[in-house]
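Heads up, start-v9.pdb below (PDB, C-alpha atoms):
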```pdb
ATOM      1  CA  MET A 113       0.000   0.000   0.000  1.00  0.00           C
ATOM      2  CA  THR A 114       2.833   2.356   0.811  1.00  0.00           C
ATOM      3  CA  GLN A 115       6.582   2.517   1.142  1.00  0.00           C
ATOM      4  CA  ARG A 116       6.355   4.717   4.214  1.00  0.00           C
ATOM      5  CA  ARG A 117       7.602   2.873   7.273  1.00  0.00           C
ATOM      6  CA  VAL A 118       5.013   2.711  10.026  1.00  0.00           C
ATOM      7  CA  LEU A 119       5.398   2.110  13.753  1.00  0.00           C
ATOM      8  CA  ILE A 120       2.188   0.694  15.242  1.00  0.00           C
ATOM      9  CA  VAL A 121       2.130   1.093  19.022  1.00  0.00           C
ATOM     10  CA  ILE A 122      -0.426  -0.482  21.338  1.00  0.00           C
ATOM     11  CA  PRO A 123      -0.172   1.056  24.835  1.00  0.00           C
ATOM     12  CA  ALA A 124      -1.244  -1.392  27.550  1.00  0.00           C
ATOM     13  CA  ARG A 125      -0.391  -0.605  31.148  1.00  0.00           C
ATOM     14  CA  GLY A 126      -0.896  -3.181  33.859  1.00  0.00           C
ATOM     15  CA  GLY A 127      -3.057  -1.156  36.238  1.00  0.00           C
ATOM     16  CA  SER A 128      -6.799  -0.720  35.760  1.00  0.00           C
ATOM     17  CA  LYS A 129      -9.460   0.398  38.236  1.00  0.00           C
ATOM     18  CA  GLY A 130     -12.640  -0.498  36.339  1.00  0.00           C
ATOM     19  CA  ILE A 131     -11.618  -4.011  35.281  1.00  0.00           C
ATOM     20  CA  PRO A 132      -8.622  -5.634  37.026  1.00  0.00           C
ATOM     21  CA  LYS A 133      -5.948  -6.664  34.482  1.00  0.00           C
ATOM     22  CA  LYS A 134      -8.265  -5.253  31.824  1.00  0.00           C
ATOM     23  CA  ASN A 135      -5.859  -5.483  28.907  1.00  0.00           C
ATOM     24  CA  ILE A 136      -5.509  -9.248  29.249  1.00  0.00           C
ATOM     25  CA  THR A 137      -8.971 -10.056  30.581  1.00  0.00           C
ATOM     26  CA  PRO A 138     -10.644 -12.737  28.409  1.00  0.00           C
ATOM     27  CA  LEU A 139     -13.015 -11.788  25.616  1.00  0.00           C
ATOM     28  CA  ALA A 140     -14.445 -14.755  23.711  1.00  0.00           C
ATOM     29  CA  GLY A 141     -11.468 -16.915  24.624  1.00  0.00           C
ATOM     30  CA  LEU A 142      -8.724 -14.406  23.841  1.00  0.00           C
ATOM     31  CA  PRO A 143      -6.948 -11.807  25.991  1.00  0.00           C
ATOM     32  CA  LEU A 144      -8.482  -8.401  25.239  1.00  0.00           C
ATOM     33  CA  ILE A 145      -5.238  -7.009  23.789  1.00  0.00           C
ATOM     34  CA  ALA A 146      -5.002  -9.935  21.362  1.00  0.00           C
ATOM     35  CA  TRP A 147      -7.936  -8.633  19.320  1.00  0.00           C
ATOM     36  CA  SER A 148      -6.276  -5.359  18.338  1.00  0.00           C
ATOM     37  CA  LEU A 149      -2.894  -7.073  18.069  1.00  0.00           C
ATOM     38  CA  ARG A 150      -4.175  -9.541  15.465  1.00  0.00           C
ATOM     39  CA  ALA A 151      -5.649  -6.756  13.351  1.00  0.00           C
ATOM     40  CA  ALA A 152      -2.500  -4.623  13.615  1.00  0.00           C
ATOM     41  CA  ILE A 153      -0.165  -7.458  12.647  1.00  0.00           C
ATOM     42  CA  LYS A 154      -2.278  -8.575   9.678  1.00  0.00           C
ATOM     43  CA  ALA A 155      -2.771  -5.076   8.267  1.00  0.00           C
ATOM     44  CA  LYS A 156      -1.014  -4.713   4.914  1.00  0.00           C
ATOM     45  CA  LEU A 157       1.293  -1.865   5.844  1.00  0.00           C
ATOM     46  CA  ASN A 158       5.074  -1.584   5.934  1.00  0.00           C
ATOM     47  CA  SER A 159       4.882  -1.712   9.718  1.00  0.00           C
ATOM     48  CA  THR A 160       6.386  -2.905  12.980  1.00  0.00           C
ATOM     49  CA  VAL A 161       3.939  -3.649  15.809  1.00  0.00           C
ATOM     50  CA  VAL A 162       5.122  -2.761  19.307  1.00  0.00           C
ATOM     51  CA  VAL A 163       3.384  -3.005  22.686  1.00  0.00           C
ATOM     52  CA  SER A 164       4.236  -0.385  25.304  1.00  0.00           C
ATOM     53  CA  THR A 165       3.623  -1.798  28.777  1.00  0.00           C
ATOM     54  CA  ASP A 166       4.890  -1.764  32.344  1.00  0.00           C
ATOM     55  CA  SER A 167       3.672  -5.338  32.916  1.00  0.00           C
ATOM     56  CA  GLU A 168       5.739  -8.423  32.169  1.00  0.00           C
ATOM     57  CA  GLU A 169       2.504 -10.429  32.109  1.00  0.00           C
ATOM     58  CA  ILE A 170       1.097  -8.240  29.330  1.00  0.00           C
ATOM     59  CA  ALA A 171       4.473  -8.271  27.584  1.00  0.00           C
ATOM     60  CA  GLU A 172       4.435 -12.072  27.484  1.00  0.00           C
ATOM     61  CA  VAL A 173       0.939 -12.121  25.980  1.00  0.00           C
ATOM     62  CA  ALA A 174       1.995  -9.502  23.418  1.00  0.00           C
ATOM     63  CA  ARG A 175       5.006 -11.594  22.365  1.00  0.00           C
ATOM     64  CA  GLN A 176       2.837 -14.696  22.057  1.00  0.00           C
ATOM     65  CA  PHE A 177       0.672 -12.873  19.524  1.00  0.00           C
ATOM     66  CA  GLY A 178       3.628 -11.606  17.500  1.00  0.00           C
ATOM     67  CA  ALA A 179       4.306  -8.118  18.840  1.00  0.00           C
ATOM     68  CA  LEU A 180       7.654  -6.624  19.774  1.00  0.00           C
ATOM     69  CA  VAL A 181       8.137  -5.436  23.370  1.00  0.00           C
ATOM     70  CA  PRO A 182      11.324  -3.333  23.532  1.00  0.00           C
ATOM     71  CA  GLY A 183      11.622  -3.337  27.329  1.00  0.00           C
ATOM     72  CA  LEU A 184       9.112  -2.300  29.959  1.00  0.00           C
ATOM     73  CA  ARG A 185       7.694   1.191  30.236  1.00  0.00           C
ATOM     74  CA  PRO A 186       9.065   3.225  33.200  1.00  0.00           C
ATOM     75  CA  PRO A 187       6.688   3.543  36.205  1.00  0.00           C
ATOM     76  CA  GLU A 188       6.122   7.283  35.724  1.00  0.00           C
ATOM     77  CA  LEU A 189       4.566   6.516  32.342  1.00  0.00           C
ATOM     78  CA  ALA A 190       2.231   3.861  33.748  1.00  0.00           C
ATOM     79  CA  SER A 191       0.257   5.800  36.376  1.00  0.00           C
ATOM     80  CA  ASP A 192      -3.430   6.709  36.203  1.00  0.00           C
ATOM     81  CA  THR A 193      -2.454  10.253  35.217  1.00  0.00           C
ATOM     82  CA  ALA A 194       0.146   9.339  32.593  1.00  0.00           C
ATOM     83  CA  LYS A 195      -0.715  10.433  29.043  1.00  0.00           C
ATOM     84  CA  SER A 196      -0.734   7.992  26.142  1.00  0.00           C
ATOM     85  CA  PHE A 197       1.197  10.576  24.134  1.00  0.00           C
ATOM     86  CA  ASP A 198       4.134  10.407  26.559  1.00  0.00           C
ATOM     87  CA  ALA A 199       4.152   6.602  26.540  1.00  0.00           C
ATOM     88  CA  ILE A 200       4.186   6.521  22.740  1.00  0.00           C
ATOM     89  CA  ALA A 201       6.893   9.203  22.597  1.00  0.00           C
ATOM     90  CA  HIS A 202       8.984   7.022  24.931  1.00  0.00           C
ATOM     91  CA  THR A 203       8.546   4.048  22.602  1.00  0.00           C
ATOM     92  CA  VAL A 204       9.541   6.182  19.613  1.00  0.00           C
ATOM     93  CA  ARG A 205      12.754   7.200  21.425  1.00  0.00           C
ATOM     94  CA  VAL A 206      13.542   3.598  22.392  1.00  0.00           C
ATOM     95  CA  MET A 207      13.115   2.411  18.816  1.00  0.00           C
ATOM     96  CA  LYS A 208      15.208   5.300  17.477  1.00  0.00           C
ATOM     97  CA  GLU A 209      18.016   4.473  19.938  1.00  0.00           C
ATOM     98  CA  ALA A 210      17.882   0.907  18.622  1.00  0.00           C
ATOM     99  CA  GLY A 211      18.492   2.227  15.107  1.00  0.00           C
ATOM    100  CA  GLU A 212      14.906   1.842  13.898  1.00  0.00           C
ATOM    101  CA  THR A 213      13.502   4.768  11.907  1.00  0.00           C
ATOM    102  CA  PHE A 214       9.892   5.338  10.900  1.00  0.00           C
ATOM    103  CA  ASP A 215       7.821   7.883   9.014  1.00  0.00           C
ATOM    104  CA  ASP A 216       4.505   7.534  10.821  1.00  0.00           C
ATOM    105  CA  VAL A 217       3.035   6.275  14.072  1.00  0.00           C
ATOM    106  CA  ILE A 218      -0.313   4.530  14.477  1.00  0.00           C
ATOM    107  CA  LEU A 219      -1.578   4.363  18.048  1.00  0.00           C
ATOM    108  CA  ILE A 220      -4.098   1.548  18.496  1.00  0.00           C
ATOM    109  CA  GLN A 221      -5.899   1.070  21.780  1.00  0.00           C
ATOM    110  CA  PRO A 222      -6.028  -2.468  23.242  1.00  0.00           C
ATOM    111  CA  THR A 223      -9.486  -1.631  24.572  1.00  0.00           C
ATOM    112  CA  SER A 224     -10.968  -1.436  21.050  1.00  0.00           C
ATOM    113  CA  PRO A 225     -11.315  -5.151  20.269  1.00  0.00           C
ATOM    114  CA  PHE A 226     -13.552  -4.788  17.229  1.00  0.00           C
ATOM    115  CA  LEU A 227     -11.138  -2.651  15.240  1.00  0.00           C
ATOM    116  CA  GLN A 228     -10.672  -4.529  11.967  1.00  0.00           C
ATOM    117  CA  ILE A 229      -7.788  -4.898   9.526  1.00  0.00           C
ATOM    118  CA  LYS A 230      -9.719  -2.898   6.949  1.00  0.00           C
ATOM    119  CA  HIS A 231     -10.178  -0.023   9.403  1.00  0.00           C
ATOM    120  CA  ILE A 232      -6.419   0.279   9.904  1.00  0.00           C
ATOM    121  CA  GLU A 233      -5.681   0.097   6.188  1.00  0.00           C
ATOM    122  CA  GLU A 234      -8.468   2.500   5.193  1.00  0.00           C
ATOM    123  CA  ALA A 235      -7.538   4.947   7.936  1.00  0.00           C
ATOM    124  CA  PHE A 236      -3.922   4.973   6.821  1.00  0.00           C
ATOM    125  CA  GLN A 237      -4.941   5.611   3.218  1.00  0.00           C
ATOM    126  CA  THR A 238      -7.152   8.476   4.414  1.00  0.00           C
ATOM    127  CA  TYR A 239      -4.158   9.825   6.327  1.00  0.00           C
ATOM    128  CA  LEU A 240      -2.001   9.652   3.190  1.00  0.00           C
ATOM    129  CA  ASP A 241      -4.705  11.299   1.090  1.00  0.00           C
ATOM    130  CA  GLY A 242      -4.905  14.102   3.656  1.00  0.00           C
ATOM    131  CA  GLY A 243      -1.247  14.987   3.303  1.00  0.00           C
ATOM    132  CA  CYS A 244       0.012  12.949   6.272  1.00  0.00           C
ATOM    133  CA  LYS A 245      -1.501  15.264   8.842  1.00  0.00           C
ATOM    134  CA  GLY A 246      -2.903  13.885  12.100  1.00  0.00           C
ATOM    135  CA  LEU A 247      -5.910  11.571  11.875  1.00  0.00           C
ATOM    136  CA  VAL A 248      -8.255  10.248  14.557  1.00  0.00           C
ATOM    137  CA  SER A 249     -10.998   7.631  14.377  1.00  0.00           C
ATOM    138  CA  VAL A 250     -14.522   8.814  15.144  1.00  0.00           C
ATOM    139  CA  SER A 251     -18.025   7.377  15.260  1.00  0.00           C
ATOM    140  CA  PRO A 252     -21.384   9.133  14.785  1.00  0.00           C
ATOM    141  CA  SER A 253     -22.732  10.235  18.154  1.00  0.00           C
ATOM    142  CA  LYS A 254     -26.350   9.921  19.253  1.00  0.00           C
ATOM    143  CA  ASP A 255     -25.805  12.616  21.884  1.00  0.00           C
ATOM    144  CA  HIS A 256     -26.131  15.908  20.031  1.00  0.00           C
ATOM    145  CA  PRO A 257     -24.627  18.901  21.881  1.00  0.00           C
ATOM    146  CA  VAL A 258     -27.965  20.723  21.548  1.00  0.00           C
ATOM    147  CA  LEU A 259     -29.331  18.312  24.160  1.00  0.00           C
ATOM    148  CA  LEU A 260     -26.351  18.497  26.526  1.00  0.00           C
ATOM    149  CA  ARG A 261     -26.323  20.620  29.670  1.00  0.00           C
ATOM    150  CA  THR A 262     -23.954  21.599  32.445  1.00  0.00           C
ATOM    151  CA  MET A 263     -25.359  21.924  35.962  1.00  0.00           C
ATOM    152  CA  VAL A 264     -24.247  24.180  38.793  1.00  0.00           C
ATOM    153  CA  ASP A 265     -26.159  24.175  42.095  1.00  0.00           C
ATOM    154  CA  GLY A 266     -29.084  22.434  40.422  1.00  0.00           C
ATOM    155  CA  THR A 267     -29.393  24.915  37.566  1.00  0.00           C
ATOM    156  CA  LEU A 268     -28.988  23.657  33.995  1.00  0.00           C
ATOM    157  CA  THR A 269     -27.140  25.611  31.314  1.00  0.00           C
ATOM    158  CA  PRO A 270     -27.152  24.539  27.630  1.00  0.00           C
ATOM    159  CA  ILE A 271     -23.812  23.657  26.048  1.00  0.00           C
ATOM    160  CA  LEU A 272     -25.087  25.297  22.856  1.00  0.00           C
ATOM    161  CA  GLU A 273     -27.335  28.333  23.005  1.00  0.00           C
ATOM    162  CA  GLY A 274     -30.399  28.782  20.847  1.00  0.00           C
ATOM    163  CA  GLY A 275     -30.704  25.278  19.478  1.00  0.00           C
ATOM    164  CA  SER A 276     -33.251  23.645  21.762  1.00  0.00           C
ATOM    165  CA  THR A 277     -36.239  24.601  19.632  1.00  0.00           C
ATOM    166  CA  ARG A 278     -35.063  22.479  16.697  1.00  0.00           C
ATOM    167  CA  ARG A 279     -36.530  19.065  16.035  1.00  0.00           C
ATOM    168  CA  ARG A 280     -34.215  16.067  16.353  1.00  0.00           C
ATOM    169  CA  GLN A 281     -34.617  15.445  12.611  1.00  0.00           C
ATOM    170  CA  GLU A 282     -33.004  18.835  11.980  1.00  0.00           C
ATOM    171  CA  PHE A 283     -29.869  18.105  13.993  1.00  0.00           C
ATOM    172  CA  SER A 284     -26.667  17.906  11.999  1.00  0.00           C
ATOM    173  CA  THR A 285     -24.552  14.763  12.402  1.00  0.00           C
ATOM    174  CA  VAL A 286     -21.940  15.061  15.126  1.00  0.00           C
ATOM    175  CA  TYR A 287     -19.022  12.724  15.733  1.00  0.00           C
ATOM    176  CA  LYS A 288     -17.354  11.366  18.831  1.00  0.00           C
ATOM    177  CA  VAL A 289     -13.654  10.526  19.069  1.00  0.00           C
ATOM    178  CA  ASN A 290     -13.837   6.794  19.804  1.00  0.00           C
ATOM    179  CA  GLY A 291     -10.159   6.377  20.720  1.00  0.00           C
ATOM    180  CA  ALA A 292      -9.628   3.276  18.600  1.00  0.00           C
ATOM    181  CA  LEU A 293      -6.743   4.651  16.547  1.00  0.00           C
ATOM    182  CA  TYR A 294      -4.673   7.761  15.938  1.00  0.00           C
ATOM    183  CA  ILE A 295      -2.204   8.339  13.095  1.00  0.00           C
ATOM    184  CA  ASN A 296       0.510  10.992  13.170  1.00  0.00           C
ATOM    185  CA  PRO A 297       3.793  11.733  11.448  1.00  0.00           C
ATOM    186  CA  ILE A 298       6.595  10.610  13.737  1.00  0.00           C
ATOM    187  CA  GLU A 299       7.774  14.216  14.087  1.00  0.00           C
ATOM    188  CA  ASP A 300       4.704  14.939  16.221  1.00  0.00           C
ATOM    189  CA  TYR A 301       6.087  12.630  18.913  1.00  0.00           C
ATOM    190  CA  GLU A 302       9.328  14.575  18.996  1.00  0.00           C
ATOM    191  CA  LYS A 303       7.434  17.658  20.197  1.00  0.00           C
ATOM    192  CA  PRO A 304       6.740  18.401  23.898  1.00  0.00           C
ATOM    193  CA  PHE A 305       3.068  17.503  23.494  1.00  0.00           C
ATOM    194  CA  VAL A 306       0.448  17.106  20.784  1.00  0.00           C
ATOM    195  CA  SER A 307      -3.261  16.651  21.560  1.00  0.00           C
ATOM    196  CA  LEU A 308      -4.057  13.535  19.539  1.00  0.00           C
ATOM    197  CA  ASN A 309      -7.791  14.021  20.041  1.00  0.00           C
ATOM    198  CA  ASP A 310      -7.433  17.278  18.093  1.00  0.00           C
ATOM    199  CA  ASN A 311      -5.947  15.616  15.009  1.00  0.00           C
ATOM    200  CA  PRO A 312      -7.554  17.441  12.043  1.00  0.00           C
ATOM    201  CA  HIS A 313      -8.518  14.502   9.823  1.00  0.00           C
ATOM    202  CA  ALA A 314     -11.112  11.833  10.591  1.00  0.00           C
ATOM    203  CA  TYR A 315     -11.672   8.196   9.835  1.00  0.00           C
ATOM    204  CA  VAL A 316     -15.350   7.429  10.409  1.00  0.00           C
ATOM    205  CA  MET A 317     -16.208   4.031  11.902  1.00  0.00           C
ATOM    206  CA  ASP A 318     -19.514   2.459  12.790  1.00  0.00           C
ATOM    207  CA  ALA A 319     -20.073   2.818  16.532  1.00  0.00           C
ATOM    208  CA  LEU A 320     -20.224  -0.981  16.924  1.00  0.00           C
ATOM    209  CA  TYR A 321     -16.620  -1.334  15.768  1.00  0.00           C
ATOM    210  CA  GLY A 322     -15.492   1.664  17.792  1.00  0.00           C
ATOM    211  CA  LEU A 323     -16.651   0.192  21.104  1.00  0.00           C
ATOM    212  CA  ASP A 324     -14.221   1.028  23.921  1.00  0.00           C
ATOM    213  CA  ILE A 325     -13.889  -1.333  26.897  1.00  0.00           C
ATOM    214  CA  ASP A 326     -13.666   0.742  30.066  1.00  0.00           C
ATOM    215  CA  GLU A 327     -16.108  -0.629  32.628  1.00  0.00           C
ATOM    216  CA  PRO A 328     -17.451  -4.169  33.315  1.00  0.00           C
ATOM    217  CA  ILE A 329     -20.686  -3.370  31.474  1.00  0.00           C
ATOM    218  CA  ASP A 330     -18.655  -2.589  28.336  1.00  0.00           C
ATOM    219  CA  LEU A 331     -17.134  -6.049  28.531  1.00  0.00           C
ATOM    220  CA  MET A 332     -20.599  -7.589  28.807  1.00  0.00           C
ATOM    221  CA  VAL A 333     -21.725  -5.652  25.727  1.00  0.00           C
ATOM    222  CA  ALA A 334     -18.592  -6.760  23.870  1.00  0.00           C
ATOM    223  CA  GLN A 335     -19.257 -10.409  24.692  1.00  0.00           C
ATOM    224  CA  ALA A 336     -22.750 -10.120  23.220  1.00  0.00           C
ATOM    225  CA  LEU A 337     -21.561  -8.160  20.182  1.00  0.00           C
ATOM    226  CA  GLN A 338     -18.785 -10.634  19.440  1.00  0.00           C
ATOM    227  CA  LYS A 339     -21.393 -13.351  18.964  1.00  0.00           C
ATOM    228  CA  GLU A 340     -23.632 -11.069  16.902  1.00  0.00           C
ATOM    229  CA  LEU A 341     -20.827  -9.846  14.631  1.00  0.00           C
ATOM    230  CA  ALA A 342     -19.261 -13.318  14.437  1.00  0.00           C
ATOM    231  CA  LEU A 343     -15.777 -11.878  14.791  1.00  0.00           C
TER     232      LEU A 343
END
```

Spell out the structure here as structure tokens.
Amino acid sequence: MTQRRVLIVIPARGGSKGIPKKNITPLAGLPLIAWSLRAAIKAKLNSTVVVSTDSEEIAEVARQFGALVPGLRPPELASDTAKSFDAIAHTVRVMKEAGETFDDVILIQPTSPFLQIKHIEEAFQTYLDGGCKGLVSVSPSKDHPVLLRTMVDGTLTPILEGGSTRRRQEFSTVYKVNGALYINPIEDYEKPFVSLNDNPHAYVMDALYGLDIDEPIDLMVAQALQKELAL
């Protein structure tokens, strides 16, 4: 598809409050991370797939499914407050120190098990077509900002002013960043910080495939969907 060399990074820290050992918790007989790993490895890109983790247990699972684990992530990049950007930037530096050079970085979340090979390939082509500027995956959102409110001391304030009189059929389509994948030129990870959620280009996915596993109920939904989608 392309001669550009791509580093695919799946960040998977060991700690998780909502679901203990979330990244390796079973989903339809496979560790959760294995779903995104299989798609990443089979995607027809000129790529290297790396898992960034602070957990040797996750690292072992990642190796079993064909990913490279170039050492464990330092503890300061594995806390609840650590940013994915910093963890990926660390991986980029480690690979560069090992003599590996890349043009682009694809961040794929291990908590998006229904991300498919075609999504990765199509998203990367969209990224190329957009001039290799940052891309983020999104899904159509049912929650239009016209209907959203903030509340202070029991008083509601609209997020958007002047739109509440419109019928739902008149609402424009809005999109939610689903967090499944982000694509950036590698130079972005050499900067102090880049907000990946603000990447300018979009790859639109059906909400079913953009499901993010965060809480136990999400895992229950994923179990049911896996049978329905026959993945």

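For the set A:Ala199, A:Leu184, A:Ile229, A:Ile170, the residue with the smallest atom-to-atom gap to A:Leu157 is A:Ile229, counting all atoms listed in the file.
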
Nearest residue to A:Leu142 from the set A:Gln338, A:Glu327, A:Ala201, A:Val118 (distances using only C-alpha atoms): A:Gln338

Contacts of stretch 125-137 of chain A at 7 Å (all atoms listed in the file; same-chain gap of 3+ positions) as a CSV table (one decimal) with C-alpha atoms, in the coordinates of the input:
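Here's the written file out_2.csv:
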```
chain,number,residue,atom,x,y,z
A,143,PRO,CA,-6.9,-11.8,26.0
A,144,LEU,CA,-8.5,-8.4,25.2
A,145,ILE,CA,-5.2,-7.0,23.8
A,165,THR,CA,3.6,-1.8,28.8
A,166,ASP,CA,4.9,-1.8,32.3
A,167,SER,CA,3.7,-5.3,32.9
A,170,ILE,CA,1.1,-8.2,29.3
A,190,ALA,CA,2.2,3.9,33.7
A,222,PRO,CA,-6.0,-2.5,23.2
A,223,THR,CA,-9.5,-1.6,24.6
A,326,ASP,CA,-13.7,0.7,30.1
A,327,GLU,CA,-16.1,-0.6,32.6
A,328,PRO,CA,-17.5,-4.2,33.3
```

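Across A:Leu180, A:Leu189, A:Ala152, A:Leu240, the tightest approach to A:Ala314 is made by A:Leu240 when counting only C-alpha atoms.
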
Running the PyMOL selection byres ((chain A and resi 121) around 7) on this model by hand, what would come out? Give it as a list in words. Leu119, Ile120, Ile122, Pro123, Val161, Val162, Val163, Ser164, Ile200, Ile218, Leu219 and Ile220 of chain A

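The smallest atom-to-atom distance between A:Thr213 and any of A:Val173, A:Ala124, A:Ile153, A:Ile298, using only C-alpha atoms, is found for A:Ile298.
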
8 Å per side around stretch 202-211 of chain A: axis-aligned box centre and edge lengths, as lines of an AutoDock Vina configuration file:
```
center_x = 13.5
center_y = 4.1
center_z = 20.0
size_x = 25.9
size_y = 22.3
size_z = 25.8
```

Nearest to A:Arg150: which of A:Gly211, A:Pro186, A:Gly242, A:Pro225 is it, counting only C-alpha atoms?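 So, comparing all the options, the nearest one is A:Pro225.
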
Pairwise distance for atom CA of A:Glu168 and atom CA of A:Asp324, rounded to one decimal in Å: 23.6 Å

Rounded to one decimal, what separation in Å do you get between atom CA of A:Pro182 and atom CA of A:Thr160? 11.7 Å

Is it possible to get the residues within 10 Å of (6.8, 11.6, 21.3) (coordinates as in the file, counting all atoms listed in the file) written as a PDB file with C-alpha atoms, in the frame of the given file?
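What landed in out.pdb:
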```pdb
ATOM      1  CA  SER A 196      -0.734   7.992  26.142  1.00  0.00           C
ATOM      2  CA  PHE A 197       1.197  10.576  24.134  1.00  0.00           C
ATOM      3  CA  ASP A 198       4.134  10.407  26.559  1.00  0.00           C
ATOM      4  CA  ALA A 199       4.152   6.602  26.540  1.00  0.00           C
ATOM      5  CA  ILE A 200       4.186   6.521  22.740  1.00  0.00           C
ATOM      6  CA  ALA A 201       6.893   9.203  22.597  1.00  0.00           C
ATOM      7  CA  HIS A 202       8.984   7.022  24.931  1.00  0.00           C
ATOM      8  CA  THR A 203       8.546   4.048  22.602  1.00  0.00           C
ATOM      9  CA  VAL A 204       9.541   6.182  19.613  1.00  0.00           C
ATOM     10  CA  ARG A 205      12.754   7.200  21.425  1.00  0.00           C
ATOM     11  CA  VAL A 217       3.035   6.275  14.072  1.00  0.00           C
ATOM     12  CA  ILE A 298       6.595  10.610  13.737  1.00  0.00           C
ATOM     13  CA  GLU A 299       7.774  14.216  14.087  1.00  0.00           C
ATOM     14  CA  ASP A 300       4.704  14.939  16.221  1.00  0.00           C
ATOM     15  CA  TYR A 301       6.087  12.630  18.913  1.00  0.00           C
ATOM     16  CA  GLU A 302       9.328  14.575  18.996  1.00  0.00           C
ATOM     17  CA  LYS A 303       7.434  17.658  20.197  1.00  0.00           C
ATOM     18  CA  PRO A 304       6.740  18.401  23.898  1.00  0.00           C
ATOM     19  CA  PHE A 305       3.068  17.503  23.494  1.00  0.00           C
ATOM     20  CA  VAL A 306       0.448  17.106  20.784  1.00  0.00           C
TER      21      VAL A 306
END
```

Give as a PDB file with C-alpha atoms, in the frame of the given file the residues that the PyMOL selection byres ((chain A and resi 310) around 10) matches when applied to the coordinates above.
```
ATOM      1  CA  GLY A 246      -2.903  13.885  12.100  1.00  0.00           C
ATOM      2  CA  LEU A 247      -5.910  11.571  11.875  1.00  0.00           C
ATOM      3  CA  VAL A 248      -8.255  10.248  14.557  1.00  0.00           C
ATOM      4  CA  VAL A 289     -13.654  10.526  19.069  1.00  0.00           C
ATOM      5  CA  VAL A 306       0.448  17.106  20.784  1.00  0.00           C
ATOM      6  CA  SER A 307      -3.261  16.651  21.560  1.00  0.00           C
ATOM      7  CA  LEU A 308      -4.057  13.535  19.539  1.00  0.00           C
ATOM      8  CA  ASN A 309      -7.791  14.021  20.041  1.00  0.00           C
ATOM      9  CA  ASN A 311      -5.947  15.616  15.009  1.00  0.00           C
ATOM     10  CA  PRO A 312      -7.554  17.441  12.043  1.00  0.00           C
ATOM     11  CA  HIS A 313      -8.518  14.502   9.823  1.00  0.00           C
ATOM     12  CA  ALA A 314     -11.112  11.833  10.591  1.00  0.00           C
TER      13      ALA A 314
END
```
